[in-house]
Amino acid sequence: MGKTKVRKMLFILSKATIENVYAAFIMANGARMEGIESEIFFTFFGLEAIQKKKLEHLHVATVGNPAMHIPTMLGGLPGMEALASKMMKKEMEKLDMPPVSEFLEILSDSGCKLWACKLAVEMFHLKKEDLIDELDGILTIGDFYNRADEENTHLLFI
């Protein structure tokens, strides 16, 4: 009996915090490096990761984030989110992690498809020109699910 191999990974990104965005980007890029098709569907607040004006201003979530190991009240203090974000970006630079805009180019160039959610785009009153040039299109969730309707395809919600 032969091994079944993952053929396609579809990521749904609903939050544009640094930790969520980079998790999706790293996994999508890793899939491409393994010869696996990958696509990212940006919905709701995940759209900030592909908005030209917002993508380089993403933050770490400090309030209600158990991985921060700080009380929620402390995470909500003025400047705490900015400090945590600065520290995270500094550590990522040490690892030679590309900034969001460059990572999106890398993903697109590798063949990763990048999709915006039609409902969320309309809800936030965005236009196609507000979004990155590398975007492959704006899809309904039904259109996105149709892209998943293939053998050995996996969906991952981030």
# chains A, B, ... in the order shown; residues from 1 in each chain; ligands from 1
$ residues_around --residues "Arg147 (chain A)" --least-positions-apart "4" --cutoff "10 Å" --atoms "only C-alpha atoms" --output "number ranges by chain"
A: 8, 10, 39, 141-143, 153
$ write_last_selection --atoms "all heavy atoms" --output "CSV table (one decimal), in the first residue's frame"
chain,number,residue,atom,x,y,z
A,8,LYS,N,-2.2,19.5,-1.5
A,8,LYS,CA,-2.6,20.9,-1.5
A,8,LYS,C,-2.9,21.3,0.0
A,8,LYS,O,-3.6,20.6,0.6
A,8,LYS,CB,-3.7,21.2,-2.4
A,8,LYS,CG,-4.1,22.7,-2.5
A,8,LYS,CD,-5.4,22.9,-3.2
A,8,LYS,CE,-5.3,23.0,-4.7
A,8,LYS,NZ,-6.6,23.5,-5.3
A,10,LEU,N,-4.5,24.5,2.1
A,10,LEU,CA,-5.3,25.8,2.0
A,10,LEU,C,-5.4,26.4,3.4
A,10,LEU,O,-5.8,25.7,4.3
A,10,LEU,CB,-6.7,25.5,1.5
A,10,LEU,CG,-6.8,24.9,0.1
A,10,LEU,CD1,-8.2,24.7,-0.3
A,10,LEU,CD2,-6.1,25.7,-0.9
A,39,GLU,N,-2.3,27.8,-0.8
A,39,GLU,CA,-3.1,28.9,-1.0
A,39,GLU,C,-3.5,29.5,0.4
A,39,GLU,O,-3.6,28.8,1.3
A,39,GLU,CB,-4.4,28.6,-1.7
A,39,GLU,CG,-4.1,27.9,-3.1
A,39,GLU,CD,-5.4,27.6,-3.9
A,39,GLU,OE1,-6.4,28.2,-3.6
A,39,GLU,OE2,-5.3,26.8,-4.8
A,141,ILE,N,-16.5,32.5,-0.2
A,141,ILE,CA,-16.1,31.3,0.5
A,141,ILE,C,-16.5,30.0,-0.3
A,141,ILE,O,-15.7,29.1,-0.2
A,141,ILE,CB,-16.7,31.3,2.0
A,141,ILE,CG1,-16.0,30.2,2.8
A,141,ILE,CG2,-18.2,31.2,2.0
A,141,ILE,CD1,-14.5,30.3,3.0
A,142,GLY,N,-17.6,30.1,-1.0
A,142,GLY,CA,-17.9,28.9,-1.8
A,142,GLY,C,-16.9,28.6,-2.9
A,142,GLY,O,-16.5,27.5,-3.1
A,143,ASP,N,-16.4,29.7,-3.5
A,143,ASP,CA,-15.4,29.5,-4.5
A,143,ASP,C,-14.1,28.9,-3.9
A,143,ASP,O,-13.4,28.0,-4.5
A,143,ASP,CB,-15.0,30.9,-5.2
A,143,ASP,CG,-16.1,31.5,-6.0
A,143,ASP,OD1,-16.9,30.7,-6.5
A,143,ASP,OD2,-16.1,32.7,-6.1
A,153,THR,N,-6.2,17.2,-0.2
A,153,THR,CA,-6.2,18.7,0.1
A,153,THR,C,-6.6,18.9,1.5
A,153,THR,O,-7.6,18.2,2.0
A,153,THR,CB,-7.2,19.4,-0.8
A,153,THR,OG1,-6.7,19.3,-2.2
A,153,THR,CG2,-7.2,20.9,-0.5
$ select_by_dssp --residues "chain A" --states "alpha helix (DSSP H)" --output "VMD selection string"
chain A and resid 18 to 33 72 to 75 80 to 94 100 to 110 118 to 123 141 to 148
$ closest_residue --among "A:Val121, A:Ile26, A:Ala16, A:Met33" --to "Pro98 (chain A)" --atoms "only C-alpha atoms"
A:Ile26
$ atom_distance --atom1 "CA of Thr43 (chain A)" --atom2 "CA of Ser110 (chain A)"
21.7 Å
$ residues_around --residues "Lys113 (chain A)" --least-positions-apart "3" --cutoff "7 Å" --atoms "only C-alpha atoms" --output "PyMOL selection string"
chain A and resi 38-40+108+136
$ write_last_selection --atoms "N, CA, C and O atoms" --output "PDB file, in the first residue's frame"
ATOM      1  N   SER A  38      -0.050  25.481  -2.326  1.00  0.00           N
ATOM      2  CA  SER A  38      -0.551  26.184  -1.142  1.00  0.00           C
ATOM      3  C   SER A  38      -1.302  27.440  -1.563  1.00  0.00           C
ATOM      4  O   SER A  38      -0.988  28.057  -2.577  1.00  0.00           O
ATOM      5  N   GLU A  39      -2.298  27.756  -0.756  1.00  0.00           N
ATOM      6  CA  GLU A  39      -3.119  28.938  -0.989  1.00  0.00           C
ATOM      7  C   GLU A  39      -3.474  29.536   0.363  1.00  0.00           C
ATOM      8  O   GLU A  39      -3.637  28.807   1.345  1.00  0.00           O
ATOM      9  N   ILE A  40      -3.599  30.851   0.401  1.00  0.00           N
ATOM     10  CA  ILE A  40      -4.022  31.527   1.625  1.00  0.00           C
ATOM     11  C   ILE A  40      -5.260  32.359   1.308  1.00  0.00           C
ATOM     12  O   ILE A  40      -5.271  33.137   0.348  1.00  0.00           O
ATOM     13  N   SER A 108       4.036  34.579  -3.518  1.00  0.00           N
ATOM     14  CA  SER A 108       3.452  34.693  -4.855  1.00  0.00           C
ATOM     15  C   SER A 108       4.399  34.134  -5.916  1.00  0.00           C
ATOM     16  O   SER A 108       3.981  33.359  -6.786  1.00  0.00           O
ATOM     17  N   ASP A 136      -4.189  37.137  -6.068  1.00  0.00           N
ATOM     18  CA  ASP A 136      -4.679  36.375  -7.222  1.00  0.00           C
ATOM     19  C   ASP A 136      -6.149  36.629  -7.505  1.00  0.00           C
ATOM     20  O   ASP A 136      -6.625  36.312  -8.588  1.00  0.00           O
TER      21      ASP A 136
END
$ select_by_dssp --residues "region 24-128 of chain A" --states "strand (DSSP E or B)" --output "number ranges by chain"
A: 37-42, 51, 113-117
$ closest_residue --among "A:Phe157, A:Phe25, A:Phe44, A:Tyr145" --to "Ile106 (chain A)" --atoms "only C-alpha atoms"
A:Phe25
$ atom_distance --atom1 "CA of Phe45 (chain A)" --atom2 "CA of Asp149 (chain A)"
25.4 Å
$ closest_residue --among "A:Ala148, A:Ala116, A:Leu131, A:Val100" --to "Asn20 (chain A)" --atoms "only C-alpha atoms"
A:Val100
